[in-house]
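To be precise, the following lines are entry-v1.cif, and they hold mmCIF, C-alpha atoms.
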data_entry
loop_
_atom_site.label_atom_id
_atom_site.label_comp_id
_atom_site.auth_asym_id
_atom_site.auth_seq_id
_atom_site.Cartn_x
_atom_site.Cartn_y
_atom_site.Cartn_z
CA MET A 1 14.75 31.14 -30.51
CA GLU A 2 12.43 30.74 -27.55
CA TYR A 3 13.48 28.25 -24.94
CA SER A 4 11.58 26.82 -22.02
CA TYR A 5 12.40 24.01 -19.62
CA LEU A 6 9.31 21.81 -19.40
CA GLU A 7 8.67 18.26 -18.22
CA PRO A 8 10.47 16.20 -19.33
CA ARG A 9 13.42 18.50 -18.81
CA TRP A 10 14.50 19.04 -22.39
CA LEU A 11 15.32 22.25 -24.15
CA TRP A 12 12.51 23.22 -26.53
CA HIS A 13 12.39 25.30 -29.69
CA PHE A 14 9.02 27.03 -30.11
CA GLU A 15 8.03 28.46 -33.48
CA TRP A 16 4.89 30.53 -33.87
CA GLN A 17 2.97 29.75 -37.07
CA THR A 18 0.06 32.11 -36.40
CA PRO A 19 -0.80 34.30 -33.40
CA ARG A 20 -2.76 31.33 -32.03
CA GLU A 21 -0.67 28.32 -33.01
CA PHE A 22 2.91 27.18 -32.61
CA SER A 23 5.05 24.10 -33.26
CA ALA A 24 7.65 22.80 -30.82
CA ASP A 25 10.73 20.62 -31.13
CA ALA A 26 12.78 19.14 -28.33
CA VAL A 27 16.44 20.17 -28.60
CA GLU A 28 19.19 17.83 -27.48
CA ARG A 29 21.93 20.47 -27.56
CA VAL A 30 22.82 23.86 -28.99
CA VAL A 31 25.78 23.60 -31.37
CA TYR A 32 26.11 27.30 -32.16
CA SER A 33 24.29 30.47 -31.20
CA GLY A 34 25.19 33.97 -32.33
CA LYS A 35 24.05 37.09 -34.10
CA SER A 36 25.26 38.56 -37.38
CA LYS A 37 24.59 42.07 -38.71
CA TYR A 38 21.33 40.80 -40.16
CA GLN A 39 19.86 38.02 -38.05
CA ILE A 40 20.14 35.61 -35.13
CA ILE A 41 21.85 32.38 -36.24
CA GLU A 42 21.56 29.07 -34.40
CA ILE A 43 22.56 25.50 -35.09
CA VAL A 44 20.89 22.93 -32.85
CA GLU A 45 20.59 19.17 -32.58
CA THR A 46 16.92 18.21 -32.40
CA PHE A 47 15.71 14.80 -31.30
CA GLU A 48 13.31 14.28 -34.21
CA HIS A 49 14.90 16.10 -37.16
CA GLY A 50 18.61 15.98 -36.45
CA ARG A 51 20.81 19.03 -36.85
CA ALA A 52 18.92 22.18 -37.86
CA LEU A 53 19.70 25.71 -38.99
CA ILE A 54 17.51 28.35 -37.34
CA LEU A 55 17.46 32.01 -38.43
CA ASP A 56 15.59 34.60 -36.41
CA GLY A 57 13.73 31.85 -34.59
CA ARG A 58 12.53 29.95 -37.70
CA ILE A 59 13.87 26.58 -38.83
CA GLN A 60 15.38 26.94 -42.31
CA SER A 61 16.34 23.33 -42.87
CA ALA A 62 16.99 20.17 -40.89
CA GLU A 63 19.27 17.23 -41.47
CA LYS A 64 16.63 14.51 -41.81
CA ASP A 65 14.61 16.23 -44.53
CA GLU A 66 16.59 19.13 -46.06
CA TRP A 67 17.10 16.98 -49.15
CA ILE A 68 13.34 16.88 -49.71
CA TYR A 69 13.15 20.67 -49.71
CA HIS A 70 16.25 21.29 -51.81
CA GLU A 71 15.54 18.61 -54.42
CA ALA A 72 11.99 19.96 -54.75
CA LEU A 73 13.22 23.52 -55.15
CA VAL A 74 16.03 22.86 -57.62
CA HIS A 75 15.15 20.00 -59.95
CA PRO A 76 11.65 20.75 -61.33
CA PRO A 77 12.64 24.12 -62.85
CA THR A 78 16.12 23.02 -63.88
CA LEU A 79 14.87 19.91 -65.67
CA ALA A 80 12.02 21.89 -67.28
CA HIS A 81 14.64 23.93 -69.13
CA PRO A 82 16.00 22.00 -72.15
CA TRP A 83 19.71 22.49 -71.32
CA PRO A 84 20.56 25.04 -68.58
CA GLU A 85 24.19 26.09 -68.38
CA ARG A 86 24.18 29.13 -66.07
CA ALA A 87 22.27 29.37 -62.79
CA LEU A 88 21.81 32.11 -60.22
CA ILE A 89 20.95 31.37 -56.60
CA ILE A 90 19.83 34.14 -54.27
CA GLY A 91 19.93 33.03 -50.65
CA GLY A 92 20.44 29.40 -49.74
CA GLY A 93 23.32 29.92 -47.36
CA GLU A 94 23.58 26.23 -46.39
CA GLY A 95 24.95 25.39 -49.85
CA ALA A 96 22.51 22.55 -50.51
CA ASN A 97 21.14 24.21 -53.65
CA LEU A 98 24.69 24.25 -54.99
CA ARG A 99 24.96 20.55 -54.22
CA GLU A 100 21.80 19.78 -56.18
CA LEU A 101 22.55 22.05 -59.14
CA LEU A 102 26.00 20.51 -59.54
CA LYS A 103 24.32 17.17 -60.23
CA HIS A 104 23.15 18.58 -63.58
CA LYS A 105 25.59 17.69 -66.36
CA SER A 106 24.65 20.81 -68.34
CA ILE A 107 25.57 23.31 -65.63
CA LYS A 108 28.77 25.22 -66.34
CA GLU A 109 28.51 28.11 -63.86
CA ILE A 110 26.57 28.91 -60.71
CA VAL A 111 26.54 32.35 -59.12
CA MET A 112 25.30 32.35 -55.53
CA VAL A 113 24.41 35.66 -53.89
CA ASP A 114 23.83 35.72 -50.15
CA LEU A 115 23.49 38.71 -47.87
CA ASP A 116 24.96 37.16 -44.74
CA GLU A 117 28.54 35.90 -44.96
CA GLU A 118 28.33 34.71 -41.37
CA VAL A 119 25.63 32.17 -42.29
CA ILE A 120 27.84 30.77 -45.05
CA ASN A 121 30.88 30.53 -42.76
CA ILE A 122 28.82 28.74 -40.13
CA ALA A 123 27.36 26.42 -42.78
CA LYS A 124 30.84 25.53 -44.00
CA LYS A 125 31.82 24.62 -40.46
CA TYR A 126 28.70 22.92 -39.11
CA LEU A 127 26.53 21.88 -42.08
CA TRP A 128 28.81 19.77 -44.27
CA LYS A 129 26.04 17.25 -44.95
CA TRP A 130 24.17 20.07 -46.68
CA HIS A 131 26.84 21.50 -48.97
CA GLN A 132 29.19 18.49 -49.19
CA GLY A 133 32.03 20.75 -50.31
CA ALA A 134 30.03 22.48 -53.06
CA PHE A 135 31.30 25.92 -52.07
CA ASP A 136 34.76 24.87 -53.29
CA ASN A 137 33.62 23.63 -56.70
CA SER A 138 35.27 25.49 -59.59
CA LYS A 139 31.87 26.10 -61.22
CA VAL A 140 30.68 28.14 -58.22
CA LYS A 141 31.11 31.89 -57.79
CA LEU A 142 30.06 33.21 -54.38
CA VAL A 143 28.95 36.83 -54.04
CA ILE A 144 28.32 38.36 -50.61
CA GLY A 145 25.74 41.09 -50.97
CA ASP A 146 22.13 42.14 -51.18
CA GLY A 147 20.23 40.01 -53.70
CA ARG A 148 17.97 42.80 -54.88
CA LYS A 149 20.88 45.19 -55.33
CA TYR A 150 22.77 42.54 -57.29
CA VAL A 151 19.81 41.95 -59.61
CA SER A 152 19.16 45.67 -60.01
CA GLU A 153 22.76 46.44 -61.00
CA TYR A 154 23.51 43.27 -62.99
CA ARG A 155 24.64 43.80 -66.58
CA GLY A 156 26.47 40.54 -67.34
CA GLU A 157 25.62 37.37 -69.22
CA LYS A 158 22.11 36.27 -68.32
CA PHE A 159 21.06 33.06 -66.59
CA ASP A 160 18.99 30.06 -67.66
CA VAL A 161 17.73 29.32 -64.14
CA VAL A 162 17.20 31.58 -61.12
CA ILE A 163 16.59 29.96 -57.73
CA LEU A 164 15.29 32.10 -54.88
CA ASP A 165 15.90 30.25 -51.62
CA LEU A 166 14.93 33.07 -49.31
CA THR A 167 13.90 33.49 -45.72
CA ASP A 168 10.16 34.04 -45.30
CA PRO A 169 8.62 37.44 -46.05
CA VAL A 170 8.57 38.84 -42.54
CA VAL A 171 8.11 42.58 -41.97
CA GLY A 172 11.58 44.03 -41.37
CA GLY A 173 13.29 40.79 -42.39
CA PRO A 174 16.14 40.57 -44.93
CA SER A 175 13.90 39.03 -47.66
CA TYR A 176 10.79 41.17 -47.21
CA TYR A 177 11.15 42.94 -50.58
CA LEU A 178 12.26 39.88 -52.56
CA TYR A 179 8.72 38.67 -53.28
CA THR A 180 7.29 41.67 -55.12
CA TYR A 181 6.31 42.69 -58.65
CA GLU A 182 9.18 45.14 -58.77
CA PHE A 183 11.74 42.49 -57.80
CA TYR A 184 10.41 39.83 -60.18
CA SER A 185 10.40 42.41 -62.97
CA LEU A 186 14.07 43.13 -62.28
CA ILE A 187 14.82 39.40 -62.47
CA LYS A 188 13.05 39.11 -65.82
CA ASP A 189 14.61 42.23 -67.32
CA ASN A 190 18.15 42.08 -65.91
CA VAL A 191 19.27 38.53 -65.13
CA LEU A 192 17.05 35.95 -66.82
CA LYS A 193 17.36 34.86 -70.44
CA ASN A 194 14.25 35.12 -72.62
CA ASP A 195 13.68 31.39 -72.24
CA GLY A 196 14.85 31.28 -68.61
CA ILE A 197 12.94 29.99 -65.62
CA VAL A 198 12.70 31.20 -62.03
CA VAL A 199 11.58 29.41 -58.88
CA THR A 200 11.04 30.65 -55.33
CA GLN A 201 10.13 29.11 -52.03
CA ALA A 202 6.63 30.39 -51.36
CA THR A 203 5.79 29.72 -47.66
CA SER A 204 3.37 27.31 -45.99
CA LEU A 205 0.13 26.24 -47.68
CA VAL A 206 -1.26 25.52 -44.21
CA TYR A 207 -0.40 28.65 -42.25
CA SER A 208 0.16 31.34 -44.90
CA ILE A 209 -1.80 30.42 -48.01
CA GLU A 210 -2.59 34.11 -48.62
CA ALA A 211 1.12 34.89 -48.88
CA HIS A 212 1.63 31.99 -51.27
CA ALA A 213 -1.25 33.16 -53.46
CA MET A 214 0.20 36.67 -53.65
CA ILE A 215 3.62 35.31 -54.63
CA ARG A 216 2.18 33.06 -57.33
CA ASN A 217 -0.16 35.79 -58.62
CA THR A 218 2.72 38.25 -58.81
CA LEU A 219 4.89 35.87 -60.80
CA ALA A 220 1.94 35.27 -63.13
CA LYS A 221 1.68 39.02 -63.71
CA VAL A 222 5.36 39.24 -64.70
CA PHE A 223 5.67 35.97 -66.67
CA LYS A 224 3.42 34.19 -69.17
CA LYS A 225 3.44 30.92 -67.23
CA ALA A 226 3.37 30.39 -63.47
CA SER A 227 2.56 27.34 -61.35
CA SER A 228 2.37 26.36 -57.71
CA TYR A 229 3.63 23.09 -56.27
CA LYS A 230 4.11 21.59 -52.83
CA VAL A 231 5.81 19.05 -50.59
CA PHE A 232 5.44 18.06 -46.96
CA ILE A 233 8.49 19.04 -44.88
CA PRO A 234 8.42 17.36 -41.44
CA ALA A 235 10.78 19.89 -39.83
CA PHE A 236 8.48 22.71 -40.95
CA HIS A 237 5.41 20.90 -39.56
CA SER A 238 3.63 21.90 -42.74
CA ILE A 239 2.94 21.42 -46.42
CA TRP A 240 5.47 23.74 -48.01
CA SER A 241 4.99 25.53 -51.29
CA PHE A 242 7.03 26.73 -54.25
CA ALA A 243 6.16 28.92 -57.23
CA VAL A 244 7.83 28.60 -60.62
CA ALA A 245 7.53 30.94 -63.61
CA SER A 246 8.79 31.44 -67.16
CA ASP A 247 7.69 32.89 -70.47
CA VAL A 248 8.35 29.53 -72.13
CA TRP A 249 8.61 26.55 -69.77
CA ASP A 250 6.24 25.10 -67.17
CA PRO A 251 7.39 22.04 -65.18
CA LYS A 252 3.72 21.20 -64.59
CA GLU A 253 3.46 20.21 -68.25
CA LEU A 254 6.10 17.47 -67.96
CA SER A 255 4.87 13.88 -67.76
CA LYS A 256 6.21 11.27 -65.36
CA GLU A 257 7.96 9.54 -68.26
CA GLU A 258 9.57 12.73 -69.55
CA VAL A 259 10.90 13.64 -66.11
CA GLU A 260 12.38 10.14 -65.75
CA ARG A 261 14.03 10.43 -69.16
CA ARG A 262 15.58 13.81 -68.33
CA ILE A 263 16.80 12.57 -64.94
CA SER A 264 18.45 9.58 -66.61
CA GLU A 265 20.12 11.69 -69.29
CA ARG A 266 21.03 14.80 -67.34
CA ILE A 267 21.55 14.01 -63.64
CA SER A 268 24.69 12.57 -62.07
CA GLY A 269 24.45 11.44 -58.48
CA GLU A 270 21.69 10.23 -56.19
CA LEU A 271 18.23 11.75 -55.90
CA ARG A 272 16.65 10.64 -52.64
CA PHE A 273 13.25 12.31 -53.05
CA TYR A 274 12.60 13.48 -56.59
CA ASP A 275 11.56 11.33 -59.54
CA GLY A 276 8.90 11.35 -62.24
CA GLU A 277 6.07 10.11 -60.03
CA THR A 278 6.97 12.56 -57.28
CA HIS A 279 7.15 15.39 -59.80
CA VAL A 280 3.58 14.82 -60.99
CA GLU A 281 2.27 14.54 -57.42
CA MET A 282 3.91 17.81 -56.33
CA PHE A 283 1.90 19.77 -58.89
CA LEU A 284 -1.43 18.19 -57.89
CA LEU A 285 -2.95 20.53 -55.32
CA PRO A 286 -5.95 19.40 -53.26
CA LYS A 287 -9.36 20.75 -54.24
CA HIS A 288 -9.82 22.97 -51.18
CA ILE A 289 -6.42 24.61 -51.73
CA ARG A 290 -7.12 25.19 -55.43
CA GLU A 291 -10.44 26.76 -54.58
CA LYS A 292 -8.95 29.05 -51.95
CA LEU A 293 -6.08 30.12 -54.22
CA SER A 294 -8.54 30.94 -57.00
CA LYS A 295 -10.32 33.42 -54.73
CA ILE A 296 -7.18 35.38 -53.80
CA ARG A 297 -6.32 37.93 -56.49
CA ASP A 298 -3.86 40.18 -54.65
CA ILE A 299 -0.56 41.19 -56.27
CA ALA A 300 2.52 41.90 -54.15
CA TYR A 301 4.12 45.31 -54.70
CA ASP A 302 6.89 47.06 -52.80
CA LYS A 303 4.24 49.19 -51.11
CA LYS A 304 2.54 45.99 -49.88
CA PRO A 305 4.70 42.83 -49.95
CA PRO A 306 3.30 39.47 -48.85
CA SER A 307 3.86 38.65 -45.19
CA LEU A 308 3.36 35.84 -42.74
CA PRO A 309 0.36 36.00 -40.36
CA ILE A 310 2.57 36.72 -37.33
#
So, in terms of structure tokens, how does the structure I just supplied come out?
Amino acid sequence: MEYSYLEPRWLWHFEWQTPREFSADAVERVVYSGKSKYQIIEIVETFEHGRALILDGRIQSAEKDEWIYHEALVHPPTLAHPWPERALIIGGGEGANLRELLKHKSIKEIVMVDLDEEVINIAKKYLWKWHQGAFDNSKVKLVIGDGRKYVSEYRGEKFDVVILDLTDPVVGGPSYYLYTYEFYSLIKDNVLKNDGIVVTQATSLVYSIEAHAMIRNTLAKVFKKASSYKVFIPAFHSIWSFAVASDVWDPKELSKEEVERRISERISGELRFYDGETHVEMFLLPKHIREKLSKIRDIAYDKKPPSLPI
């Protein structure tokens, strides 16, 4: 994290979006600051977004809007599947994806694989509003390890839903090779059922649309169906994107009424952001974004993964 004491004399978190543009948030206090084997970990209280988790200088989620991000990531693919029972999460150390998946009556088992045990321990201590005790649910199995290695070596019962809640594809970062054709092929071949569905966070549509296009194009090369969707996340200062893929299911094909029916029948607990109307809106991309995405044909391979413009 970069700090600077400016007028008024608050602590500021600066986050570079491109080499020429940054966002800034005033910080009321630092709750935790440390470094694991893999990354710098910070928990801060911001004035505008509440408590926030920051990894390697980039906000991962914030108290006042993390539920927007996590509901958007989890529910469209999970409800698109007719009755998912087993789910795999790679990343998502805050535990909020667990919280959302556990709202689905059909879910019997969730395996969560995260590289950095320190992030999970810190989340358990400081981010209860995110996980709400989900780590201790009997349906949850936590695996500490490399997500790609886990997928490569996996030989067990396959999953209905795979959720990739990863840090951004930054050169040298822990998730750099988790957005490529080789990785998605491993997911399809090793861990996902034939009618399974996979979703990934897919970076900013404002600052890194090229990276998003590569991620979506790559999923489309591996799977028969792939779609992009988006939400605005205030703490990210951006329209954020997701990409979802399957050989069978496409959440984009669900109507408002069908989403509402599935929520009513299959979800227990409150949804603060996601409903049928929101679902339809998320998959409606503006004309200028659709046009730009249509012009980008690049596929992400291990030899050239997608990356942010910084």
Which one is closest to Val191 (chain A): A:Thr78, A:Thr218, A:Thr203, A:Ser152? Count only C-alpha atoms.
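Between A:Thr78, A:Thr218, A:Thr203, A:Ser152, the residue approaching Val191 (chain A) most closely is A:Ser152.
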Counting only C-alpha atoms, which residues in region 141-255 of chain A sit no more than 10 Å from region 23-40 of chain A? For each one, give the nearest pair of atoms and the distance in Å, sorted by chain then residue number, as JSON lines.
{"residue": "A:Gly173", "atom": "CA", "partner": "A:Tyr38", "partner_atom": "CA", "distance": 8.3}
{"residue": "A:Pro174", "atom": "CA", "partner": "A:Tyr38", "partner_atom": "CA", "distance": 7.1}
{"residue": "A:Ala235", "atom": "CA", "partner": "A:Asp25", "partner_atom": "CA", "distance": 8.7}
{"residue": "A:Phe236", "atom": "CA", "partner": "A:Ser23", "partner_atom": "CA", "distance": 8.5}
{"residue": "A:His237", "atom": "CA", "partner": "A:Ser23", "partner_atom": "CA", "distance": 7.1}
{"residue": "A:Ser238", "atom": "CA", "partner": "A:Ser23", "partner_atom": "CA", "distance": 9.8}
For each of A:Glu117, A:Asp298, A:Glu71, A:Glu157, take the minimum atom-to-atom distance to Val143 (chain A), counting all atoms listed in the file, then give the residue where this is smallest.
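For Val143 (chain A), the nearest of the candidates is A:Glu117.
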Ranking A:Thr46, A:Lys225, A:Phe273, A:Gly156 by minimum distance to Glu253 (chain A) and counting only C-alpha atoms, which one comes first?
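Comparing A:Thr46, A:Lys225, A:Phe273, A:Gly156 against Glu253 (chain A), the winner is A:Lys225.
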Take CA of Glu258 (chain A) and CA of Pro84 (chain A) and report the distance between them in Å, one decimal.
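So the answer is 16.5 Å.
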Just checking: using only C-alpha atoms, which residue out of A:Ser294, A:Gln17, A:Gln132, A:Asn97 ends up closest to Ile68 (chain A)?
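Nearest to Ile68 (chain A): A:Asn97.
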For C-alpha atoms, please extract region 270-287 of chain A from the block and return it as an mmCIF file, in the first residue's frame.
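For reference, out.cif as written:
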data_model
loop_
_atom_site.group_PDB
_atom_site.id
_atom_site.type_symbol
_atom_site.label_atom_id
_atom_site.label_comp_id
_atom_site.auth_asym_id
_atom_site.auth_seq_id
_atom_site.Cartn_x
_atom_site.Cartn_y
_atom_site.Cartn_z
ATOM 1 C CA GLU A 270 -31.188 -12.917 2.351
ATOM 2 C CA LEU A 271 -29.924 -11.684 -1.007
ATOM 3 C CA ARG A 272 -29.143 -7.983 -0.764
ATOM 4 C CA PHE A 273 -28.134 -7.372 -4.389
ATOM 5 C CA TYR A 274 -29.114 -10.204 -6.690
ATOM 6 C CA ASP A 275 -32.576 -10.897 -8.094
ATOM 7 C CA GLY A 276 -34.160 -11.592 -11.463
ATOM 8 C CA GLU A 277 -34.122 -8.001 -12.683
ATOM 9 C CA THR A 278 -30.528 -7.514 -11.571
ATOM 10 C CA HIS A 279 -29.527 -10.770 -13.264
ATOM 11 C CA VAL A 280 -30.830 -9.630 -16.651
ATOM 12 C CA GLU A 281 -29.169 -6.207 -16.305
ATOM 13 C CA MET A 282 -25.766 -7.700 -15.450
ATOM 14 C CA PHE A 283 -25.617 -9.498 -18.797
ATOM 15 C CA LEU A 284 -26.550 -6.398 -20.817
ATOM 16 C CA LEU A 285 -23.257 -4.811 -21.845
ATOM 17 C CA PRO A 286 -23.221 -1.283 -23.300
ATOM 18 C CA LYS A 287 -22.788 -0.947 -27.056
#
